[in-house]
file structure10.pdb (PDB, C-alpha atoms)
MODEL        1
ATOM      1  CA  MET A   1     120.803 108.799 176.188  1.00  0.00           C
ATOM      2  CA  GLN A   2     118.304 105.955 176.362  1.00  0.00           C
ATOM      3  CA  CYS A   3     115.389 108.424 176.082  1.00  0.00           C
ATOM      4  CA  LYS A   4     116.891 109.976 172.965  1.00  0.00           C
ATOM      5  CA  ARG A   5     117.179 106.582 171.287  1.00  0.00           C
ATOM      6  CA  ILE A   6     113.561 105.781 172.064  1.00  0.00           C
ATOM      7  CA  PHE A   7     112.456 109.211 170.873  1.00  0.00           C
ATOM      8  CA  ILE A   8     114.377 108.909 167.620  1.00  0.00           C
ATOM      9  CA  PHE A   9     112.795 105.508 167.050  1.00  0.00           C
ATOM     10  CA  LEU A  10     109.335 106.990 167.613  1.00  0.00           C
ATOM     11  CA  PHE A  11     110.186 109.886 165.335  1.00  0.00           C
ATOM     12  CA  SER A  12     111.349 107.437 162.674  1.00  0.00           C
ATOM     13  CA  ALA A  13     108.047 105.601 162.959  1.00  0.00           C
ATOM     14  CA  LEU A  14     106.224 108.900 162.465  1.00  0.00           C
ATOM     15  CA  VAL A  15     108.246 109.606 159.335  1.00  0.00           C
ATOM     16  CA  LEU A  16     107.529 106.158 157.919  1.00  0.00           C
ATOM     17  CA  PHE A  17     103.823 106.651 158.616  1.00  0.00           C
ATOM     18  CA  SER A  18     103.947 110.027 156.893  1.00  0.00           C
ATOM     19  CA  ILE A  19     105.387 108.477 153.741  1.00  0.00           C
ATOM     20  CA  THR A  20     102.654 105.883 153.446  1.00  0.00           C
ATOM     21  CA  SER A  21      99.914 108.458 154.058  1.00  0.00           C
ATOM     22  CA  CYS A  22     101.259 111.186 151.772  1.00  0.00           C
ATOM     23  CA  ARG A  23      99.056 111.984 148.781  1.00  0.00           C
ATOM     24  CA  LYS A  24     101.852 113.800 146.977  1.00  0.00           C
ATOM     25  CA  ARG A  25     103.785 111.559 144.598  1.00  0.00           C
ATOM     26  CA  VAL A  26     107.256 110.914 145.975  1.00  0.00           C
ATOM     27  CA  PRO A  27     110.019 110.147 143.443  1.00  0.00           C
ATOM     28  CA  ALA A  28     111.933 106.944 144.241  1.00  0.00           C
ATOM     29  CA  GLN A  29     115.265 108.781 144.581  1.00  0.00           C
ATOM     30  CA  SER A  30     113.987 111.001 147.408  1.00  0.00           C
ATOM     31  CA  GLY A  31     113.300 108.370 150.055  1.00  0.00           C
ATOM     32  CA  LEU A  32     112.718 109.851 153.478  1.00  0.00           C
ATOM     33  CA  ILE A  33     114.076 107.164 155.793  1.00  0.00           C
ATOM     34  CA  GLY A  34     117.081 108.501 157.684  1.00  0.00           C
ATOM     35  CA  THR A  35     117.122 111.836 155.900  1.00  0.00           C
ATOM     36  CA  ILE A  36     115.466 114.164 158.438  1.00  0.00           C
ATOM     37  CA  ALA A  37     117.402 113.580 161.682  1.00  0.00           C
ATOM     38  CA  ILE A  38     121.033 113.556 160.621  1.00  0.00           C
ATOM     39  CA  GLY A  39     122.566 114.562 163.956  1.00  0.00           C
ATOM     40  CA  PRO A  40     121.714 116.130 167.285  1.00  0.00           C
ATOM     41  CA  CYS A  41     119.740 119.283 166.441  1.00  0.00           C
ATOM     42  CA  THR A  42     120.595 118.915 162.726  1.00  0.00           C
ATOM     43  CA  PHE A  43     117.692 118.143 160.406  1.00  0.00           C
ATOM     44  CA  ARG A  44     117.452 117.797 156.637  1.00  0.00           C
ATOM     45  CA  ILE A  45     114.480 119.274 154.808  1.00  0.00           C
ATOM     46  CA  PRO A  46     113.338 116.549 152.367  1.00  0.00           C
ATOM     47  CA  ALA A  47     112.644 117.127 148.672  1.00  0.00           C
ATOM     48  CA  MET A  48     108.986 116.215 149.156  1.00  0.00           C
ATOM     49  CA  ALA A  49     108.366 119.085 151.626  1.00  0.00           C
ATOM     50  CA  TYR A  50     105.573 121.483 150.740  1.00  0.00           C
ATOM     51  CA  VAL A  51     106.953 125.048 150.694  1.00  0.00           C
ATOM     52  CA  ALA A  52     104.656 127.480 152.523  1.00  0.00           C
ATOM     53  CA  ASN A  53     105.896 130.677 150.892  1.00  0.00           C
ATOM     54  CA  LYS A  54     102.523 132.312 151.569  1.00  0.00           C
ATOM     55  CA  ASN A  55     100.105 131.922 154.486  1.00  0.00           C
ATOM     56  CA  ALA A  56      98.684 128.394 154.402  1.00  0.00           C
ATOM     57  CA  VAL A  57      96.205 126.029 156.067  1.00  0.00           C
ATOM     58  CA  ALA A  58      96.751 122.267 156.340  1.00  0.00           C
ATOM     59  CA  ASN A  59      93.538 120.469 157.287  1.00  0.00           C
ATOM     60  CA  GLN A  60      94.275 116.803 156.564  1.00  0.00           C
ATOM     61  CA  GLY A  61      97.485 116.243 158.537  1.00  0.00           C
ATOM     62  CA  ARG A  62     100.440 113.940 157.910  1.00  0.00           C
ATOM     63  CA  ASN A  63     102.236 116.585 155.863  1.00  0.00           C
ATOM     64  CA  ILE A  64     105.825 117.743 155.611  1.00  0.00           C
ATOM     65  CA  ILE A  65     105.830 121.539 155.455  1.00  0.00           C
ATOM     66  CA  TRP A  66     108.658 124.088 155.245  1.00  0.00           C
ATOM     67  CA  VAL A  67     107.324 127.485 156.390  1.00  0.00           C
ATOM     68  CA  CYS A  68     109.164 130.539 155.084  1.00  0.00           C
ATOM     69  CA  GLY A  69     109.938 133.620 157.189  1.00  0.00           C
ATOM     70  CA  GLY A  70     107.035 136.061 157.520  1.00  0.00           C
ATOM     71  CA  LYS A  71     104.447 133.347 156.697  1.00  0.00           C
ATOM     72  CA  LYS A  72     101.864 131.671 158.923  1.00  0.00           C
ATOM     73  CA  LEU A  73     100.716 128.055 158.852  1.00  0.00           C
ATOM     74  CA  ARG A  74      97.508 126.812 160.471  1.00  0.00           C
ATOM     75  CA  GLU A  75      97.948 123.076 160.984  1.00  0.00           C
ATOM     76  CA  ASN A  76      94.581 121.502 161.831  1.00  0.00           C
ATOM     77  CA  GLY A  77      95.090 117.845 160.884  1.00  0.00           C
ATOM     78  CA  GLY A  78      97.988 116.783 163.098  1.00  0.00           C
ATOM     79  CA  TYR A  79     100.902 114.361 162.805  1.00  0.00           C
ATOM     80  CA  SER A  80     102.802 116.628 160.416  1.00  0.00           C
ATOM     81  CA  ILE A  81     106.497 117.488 160.258  1.00  0.00           C
ATOM     82  CA  ILE A  82     107.051 121.227 160.161  1.00  0.00           C
ATOM     83  CA  PHE A  83     110.195 123.295 159.610  1.00  0.00           C
ATOM     84  CA  LEU A  84     109.959 126.960 160.687  1.00  0.00           C
ATOM     85  CA  GLU A  85     112.406 129.538 159.372  1.00  0.00           C
ATOM     86  CA  PRO A  86     113.080 132.740 161.371  1.00  0.00           C
ATOM     87  CA  GLY A  87     109.933 134.896 161.282  1.00  0.00           C
ATOM     88  CA  ALA A  88     107.652 131.952 160.397  1.00  0.00           C
ATOM     89  CA  GLU A  89     104.641 131.096 162.557  1.00  0.00           C
ATOM     90  CA  ILE A  90     102.513 128.022 163.202  1.00  0.00           C
ATOM     91  CA  VAL A  91      99.179 127.586 164.922  1.00  0.00           C
ATOM     92  CA  SER A  92      99.029 123.869 165.674  1.00  0.00           C
ATOM     93  CA  LYS A  93      95.522 122.617 166.444  1.00  0.00           C
ATOM     94  CA  GLY A  94      95.760 119.044 165.197  1.00  0.00           C
ATOM     95  CA  GLY A  95      98.408 117.898 167.674  1.00  0.00           C
ATOM     96  CA  GLY A  96     101.015 115.188 167.399  1.00  0.00           C
ATOM     97  CA  ASN A  97     103.214 117.303 165.132  1.00  0.00           C
ATOM     98  CA  THR A  98     106.995 117.395 165.111  1.00  0.00           C
ATOM     99  CA  ILE A  99     108.092 121.025 164.803  1.00  0.00           C
ATOM    100  CA  TYR A 100     111.616 122.308 164.134  1.00  0.00           C
ATOM    101  CA  ALA A 101     111.763 126.025 164.960  1.00  0.00           C
ATOM    102  CA  LYS A 102     114.574 128.460 164.253  1.00  0.00           C
ATOM    103  CA  SER A 103     115.124 131.474 166.511  1.00  0.00           C
ATOM    104  CA  GLY A 104     112.659 134.261 165.684  1.00  0.00           C
ATOM    105  CA  SER A 105     109.821 131.894 164.764  1.00  0.00           C
ATOM    106  CA  LYS A 106     106.556 131.542 166.716  1.00  0.00           C
ATOM    107  CA  ILE A 107     104.719 128.404 167.838  1.00  0.00           C
ATOM    108  CA  ASP A 108     101.121 128.457 169.092  1.00  0.00           C
ATOM    109  CA  SER A 109     100.517 124.821 170.140  1.00  0.00           C
ATOM    110  CA  ARG A 110      96.868 124.145 171.001  1.00  0.00           C
ATOM    111  CA  GLY A 111      96.297 120.508 170.047  1.00  0.00           C
ATOM    112  CA  GLY A 112      98.630 118.693 172.427  1.00  0.00           C
ATOM    113  CA  GLY A 113     101.231 116.045 171.826  1.00  0.00           C
ATOM    114  CA  ASP A 114     103.513 118.213 169.691  1.00  0.00           C
ATOM    115  CA  VAL A 115     107.250 117.544 169.861  1.00  0.00           C
ATOM    116  CA  ILE A 116     109.086 120.826 169.475  1.00  0.00           C
ATOM    117  CA  TYR A 117     112.780 121.237 168.706  1.00  0.00           C
ATOM    118  CA  TYR A 118     113.630 124.903 169.082  1.00  0.00           C
ATOM    119  CA  GLU A 119     116.408 127.440 169.394  1.00  0.00           C
ATOM    120  CA  SER A 120     116.546 130.071 172.106  1.00  0.00           C
ATOM    121  CA  GLY A 121     114.615 133.061 170.804  1.00  0.00           C
ATOM    122  CA  THR A 122     111.672 130.997 169.550  1.00  0.00           C
ATOM    123  CA  ASN A 123     108.365 132.401 170.816  1.00  0.00           C
ATOM    124  CA  ILE A 124     106.350 129.467 172.202  1.00  0.00           C
ATOM    125  CA  VAL A 125     102.823 130.361 173.380  1.00  0.00           C
ATOM    126  CA  ASN A 126      99.574 128.633 174.356  1.00  0.00           C
ATOM    127  CA  LEU A 127     100.808 125.164 175.259  1.00  0.00           C
ATOM    128  CA  LYS A 128      97.201 124.135 175.845  1.00  0.00           C
ATOM    129  CA  GLY A 129      97.398 120.463 174.994  1.00  0.00           C
ATOM    130  CA  GLY A 130      99.478 119.729 178.065  1.00  0.00           C
ATOM    131  CA  SER A 131     101.515 116.885 176.614  1.00  0.00           C
ATOM    132  CA  GLU A 132     104.057 118.741 174.475  1.00  0.00           C
ATOM    133  CA  GLN A 133     107.701 117.688 174.529  1.00  0.00           C
ATOM    134  CA  LEU A 134     110.183 120.542 174.281  1.00  0.00           C
ATOM    135  CA  VAL A 135     113.786 120.010 173.181  1.00  0.00           C
ATOM    136  CA  GLU A 136     115.948 123.133 173.264  1.00  0.00           C
ATOM    137  CA  CYS A 137     118.854 123.080 170.835  1.00  0.00           C
ATOM    138  CA  PRO A 138     121.818 125.426 171.354  1.00  0.00           C
ATOM    139  CA  SER A 139     121.893 125.709 167.569  1.00  0.00           C
ATOM    140  CA  LEU A 140     119.221 124.231 165.294  1.00  0.00           C
ATOM    141  CA  ILE A 141     120.667 123.461 161.866  1.00  0.00           C
ATOM    142  CA  PHE A 142     118.660 122.831 158.710  1.00  0.00           C
ATOM    143  CA  ASP A 143     120.418 120.935 155.932  1.00  0.00           C
ATOM    144  CA  TYR A 144     119.017 122.253 152.645  1.00  0.00           C
ATOM    145  CA  SER A 145     120.818 119.781 150.361  1.00  0.00           C
ATOM    146  CA  LEU A 146     117.579 117.939 149.444  1.00  0.00           C
ATOM    147  CA  ALA A 147     115.136 120.806 150.024  1.00  0.00           C
ATOM    148  CA  PRO A 148     112.854 121.898 147.180  1.00  0.00           C
ATOM    149  CA  GLU A 149     114.721 124.197 144.770  1.00  0.00           C
ATOM    150  CA  ASN A 150     112.210 127.046 144.939  1.00  0.00           C
ATOM    151  CA  GLY A 151     112.008 126.946 148.732  1.00  0.00           C
ATOM    152  CA  CYS A 152     112.434 129.613 151.368  1.00  0.00           C
ATOM    153  CA  ARG A 153     115.996 130.612 150.436  1.00  0.00           C
TER     154      ARG A 153
ENDMDL
END

call {"tool": "encode", "arguments": {"input": "structure10.pdb", "output": "structure tokens"}}
result
Amino acid sequence: MQCKRIFIFLFSALVLFSITSCRKRVPAQSGLIGTIAIGPCTFRIPAMAYVANKNAVANQGRNIIWVCGGKKLRENGGYSIIFLEPGAEIVSKGGGNTIYAKSGSKIDSRGGGDVIYYESGTNIVNLKGGSEQLVECPSLIFDYSLAPENGCR
């Protein structure tokens, strides 16, 4: 349990850093603190998430991206928070990302340092960075209550 507390603290620090570095205007009512990790293997998609409903490339990093099924994200900047729906795919080259992957999604992690929460049935390939942290969840739950209205649903 002590490791989980430390990890959650580090994850919280990453989220705080993401807010201060985000170029997208964030409305005051959609604060991010405490809204992503709401329970073990239960994560809320924030209102400020970018919806990747077509293939996308993120070069600058420090993004929050919700990738829809059947779409592919190339993340080159690093330190992003990524939600993968079933059938979604990520190629992570920047490293240091936190990735939440539903069963049926695919993760190609090449940059190192990614933290990956995943369900059984997630295809994880090319762990070339060597410092990834894998957390298998019996059931990974996304809370869509704050997610962008025109998201992946």

call {"tool": "closest_atom_pairs", "arguments": {"input": "structure10.pdb", "of": "range 64-114 of chain A", "to": "range 118-128 of chain A", "cutoff": "10 Å", "atoms": "only C-alpha atoms", "output": "Markdown table"}}
result
| residue | atom | partner | partner_atom | distance |
| --- | --- | --- | --- | --- |
| A:Leu84 | CA | A:Tyr118 | CA | 9.4 |
| A:Pro86 | CA | A:Thr122 | CA | 8.5 |
| A:Gly87 | CA | A:Thr122 | CA | 9.3 |
| A:Glu89 | CA | A:Asn123 | CA | 9.2 |
| A:Ile90 | CA | A:Ile124 | CA | 9.9 |
| A:Val91 | CA | A:Asn126 | CA | 9.5 |
| A:Ser92 | CA | A:Leu127 | CA | 9.8 |
| A:Lys93 | CA | A:Lys128 | CA | 9.7 |
| A:Ile99 | CA | A:Tyr118 | CA | 8.0 |
| A:Tyr100 | CA | A:Tyr118 | CA | 5.9 |
| A:Ala101 | CA | A:Tyr118 | CA | 4.7 |
| A:Lys102 | CA | A:Glu119 | CA | 5.6 |
| A:Ser103 | CA | A:Gly121 | CA | 4.6 |
| A:Gly104 | CA | A:Thr122 | CA | 5.2 |
| A:Ser105 | CA | A:Thr122 | CA | 5.2 |
| A:Lys106 | CA | A:Asn123 | CA | 4.6 |
| A:Ile107 | CA | A:Ile124 | CA | 4.8 |
| A:Asp108 | CA | A:Val125 | CA | 5.0 |
| A:Ser109 | CA | A:Leu127 | CA | 5.1 |
| A:Arg110 | CA | A:Lys128 | CA | 4.9 |
| A:Gly111 | CA | A:Lys128 | CA | 6.9 |
| A:Gly112 | CA | A:Lys128 | CA | 6.6 |
| A:Gly113 | CA | A:Leu127 | CA | 9.8 |
| A:Asp114 | CA | A:Leu127 | CA | 9.3 |

call {"tool": "atom_distance", "arguments": {"input": "structure10.pdb", "atom1": "CA of Glu75 in chain A", "atom2": "CA of Phe142 in chain A"}}
result
20.8 Å

call {"tool": "resolve_selection", "arguments": {"input": "structure10.pdb", "expression": "the PyMOL selection byres ((chain A and resi 76-80) around 8)", "output": "ChimeraX atom specification"}}
result
/A:14,18,57-65,74-75,81-82,92-98

call {"tool": "atom_distance", "arguments": {"input": "structure10.pdb", "atom1": "CA of Ala147 in chain A", "atom2": "CA of Pro46 in chain A"}}
result
5.2 Å

call {"tool": "resolve_selection", "arguments": {"input": "structure10.pdb", "expression": "the PyMOL selection byres ((chain A and resi 153) around 10)", "output": "PDB file with C-alpha atoms, in the coordinates of the input"}}
result
ATOM      1  CA  CYS A  68     109.164 130.539 155.084  1.00  0.00           C
ATOM      2  CA  GLY A  69     109.938 133.620 157.189  1.00  0.00           C
ATOM      3  CA  GLU A  85     112.406 129.538 159.372  1.00  0.00           C
ATOM      4  CA  TYR A 144     119.017 122.253 152.645  1.00  0.00           C
ATOM      5  CA  ALA A 147     115.136 120.806 150.024  1.00  0.00           C
ATOM      6  CA  PRO A 148     112.854 121.898 147.180  1.00  0.00           C
ATOM      7  CA  GLU A 149     114.721 124.197 144.770  1.00  0.00           C
ATOM      8  CA  ASN A 150     112.210 127.046 144.939  1.00  0.00           C
ATOM      9  CA  GLY A 151     112.008 126.946 148.732  1.00  0.00           C
ATOM     10  CA  CYS A 152     112.434 129.613 151.368  1.00  0.00           C
TER      11      CYS A 152
END

call {"tool": "decode", "arguments": {"input": "structure10.pdb", "residues": "range 23-101 of chain A", "atoms": "C-alpha atoms", "output": "CSV table (one decimal), in the first residue's frame"}}
result
chain,number,residue,atom,x,y,z
A,23,ARG,CA,-1.9,25.9,-23.6
A,24,LYS,CA,-5.6,25.2,-23.9
A,25,ARG,CA,-7.8,27.6,-21.8
A,26,VAL,CA,-9.2,25.7,-18.9
A,27,PRO,CA,-12.5,27.0,-17.4
A,28,ALA,CA,-12.4,27.6,-13.7
A,29,GLN,CA,-15.2,25.1,-13.0
A,30,SER,CA,-13.3,22.2,-14.5
A,31,GLY,CA,-10.3,22.0,-12.1
A,32,LEU,CA,-8.3,18.9,-12.5
A,33,ILE,CA,-7.0,18.3,-9.0
A,34,GLY,CA,-8.5,15.0,-7.7
A,35,THR,CA,-10.6,14.4,-10.7
A,36,ILE,CA,-8.7,11.8,-12.6
A,37,ALA,CA,-7.9,9.0,-10.0
A,38,ILE,CA,-11.2,8.5,-8.2
A,39,GLY,CA,-10.6,5.0,-7.0
A,40,PRO,CA,-8.4,1.9,-7.7
A,41,CYS,CA,-8.5,1.4,-11.4
A,42,THR,CA,-11.3,4.0,-11.8
A,43,PHE,CA,-10.4,7.2,-13.7
A,44,ARG,CA,-12.4,10.3,-14.7
A,45,ILE,CA,-11.8,11.8,-18.1
A,46,PRO,CA,-11.6,15.6,-17.5
A,47,ALA,CA,-13.5,18.2,-19.5
A,48,MET,CA,-10.3,19.7,-20.8
A,49,ALA,CA,-9.2,16.4,-22.6
A,50,TYR,CA,-8.5,16.7,-26.3
A,51,VAL,CA,-10.7,14.1,-28.1
A,52,ALA,CA,-8.7,12.2,-30.7
A,53,ASN,CA,-11.6,11.1,-32.9
A,54,LYS,CA,-9.3,10.8,-35.9
A,55,ASN,CA,-5.6,9.8,-36.1
A,56,ALA,CA,-3.5,12.4,-34.4
A,57,VAL,CA,0.0,13.4,-33.6
A,58,ALA,CA,1.0,15.2,-30.3
A,59,ASN,CA,4.5,16.7,-30.6
A,60,GLN,CA,4.7,19.1,-27.7
A,61,GLY,CA,3.8,16.9,-24.7
A,62,ARG,CA,2.0,17.6,-21.5
A,63,ASN,CA,-1.4,16.9,-23.0
A,64,ILE,CA,-4.5,15.2,-21.8
A,65,ILE,CA,-5.9,13.1,-24.7
A,66,TRP,CA,-8.9,10.7,-25.0
A,67,VAL,CA,-8.3,8.4,-28.0
A,68,CYS,CA,-11.4,6.9,-29.6
A,69,GLY,CA,-11.7,3.3,-30.8
A,70,GLY,CA,-10.2,2.7,-34.2
A,71,LYS,CA,-7.9,5.8,-34.0
A,72,LYS,CA,-4.1,6.1,-33.6
A,73,LEU,CA,-2.2,8.6,-31.6
A,74,ARG,CA,1.5,9.3,-32.0
A,75,GLU,CA,2.7,10.9,-28.8
A,76,ASN,CA,6.2,12.4,-29.4
A,77,GLY,CA,6.4,15.1,-26.6
A,78,GLY,CA,6.0,13.0,-23.4
A,79,TYR,CA,4.5,13.6,-20.0
A,80,SER,CA,0.9,13.4,-21.3
A,81,ILE,CA,-2.1,11.7,-19.8
A,82,ILE,CA,-3.8,9.4,-22.3
A,83,PHE,CA,-7.1,7.5,-22.2
A,84,LEU,CA,-7.4,4.6,-24.7
A,85,GLU,CA,-10.8,3.2,-25.6
A,86,PRO,CA,-11.1,-0.3,-27.0
A,87,GLY,CA,-9.6,-0.4,-30.5
A,88,ALA,CA,-7.5,2.8,-29.9
A,89,GLU,CA,-3.8,2.7,-30.4
A,90,ILE,CA,-0.8,4.8,-29.1
A,91,VAL,CA,2.8,5.0,-30.2
A,92,SER,CA,4.5,6.7,-27.3
A,93,LYS,CA,8.0,8.1,-28.2
A,94,GLY,CA,8.2,11.0,-25.8
A,95,GLY,CA,8.1,8.9,-22.6
A,96,GLY,CA,6.9,9.7,-19.1
A,97,ASN,CA,3.3,9.4,-20.1
A,98,THR,CA,0.5,8.0,-18.0
A,99,ILE,CA,-1.6,5.7,-20.1
A,100,TYR,CA,-5.0,4.2,-19.2
A,101,ALA,CA,-5.8,1.4,-21.6
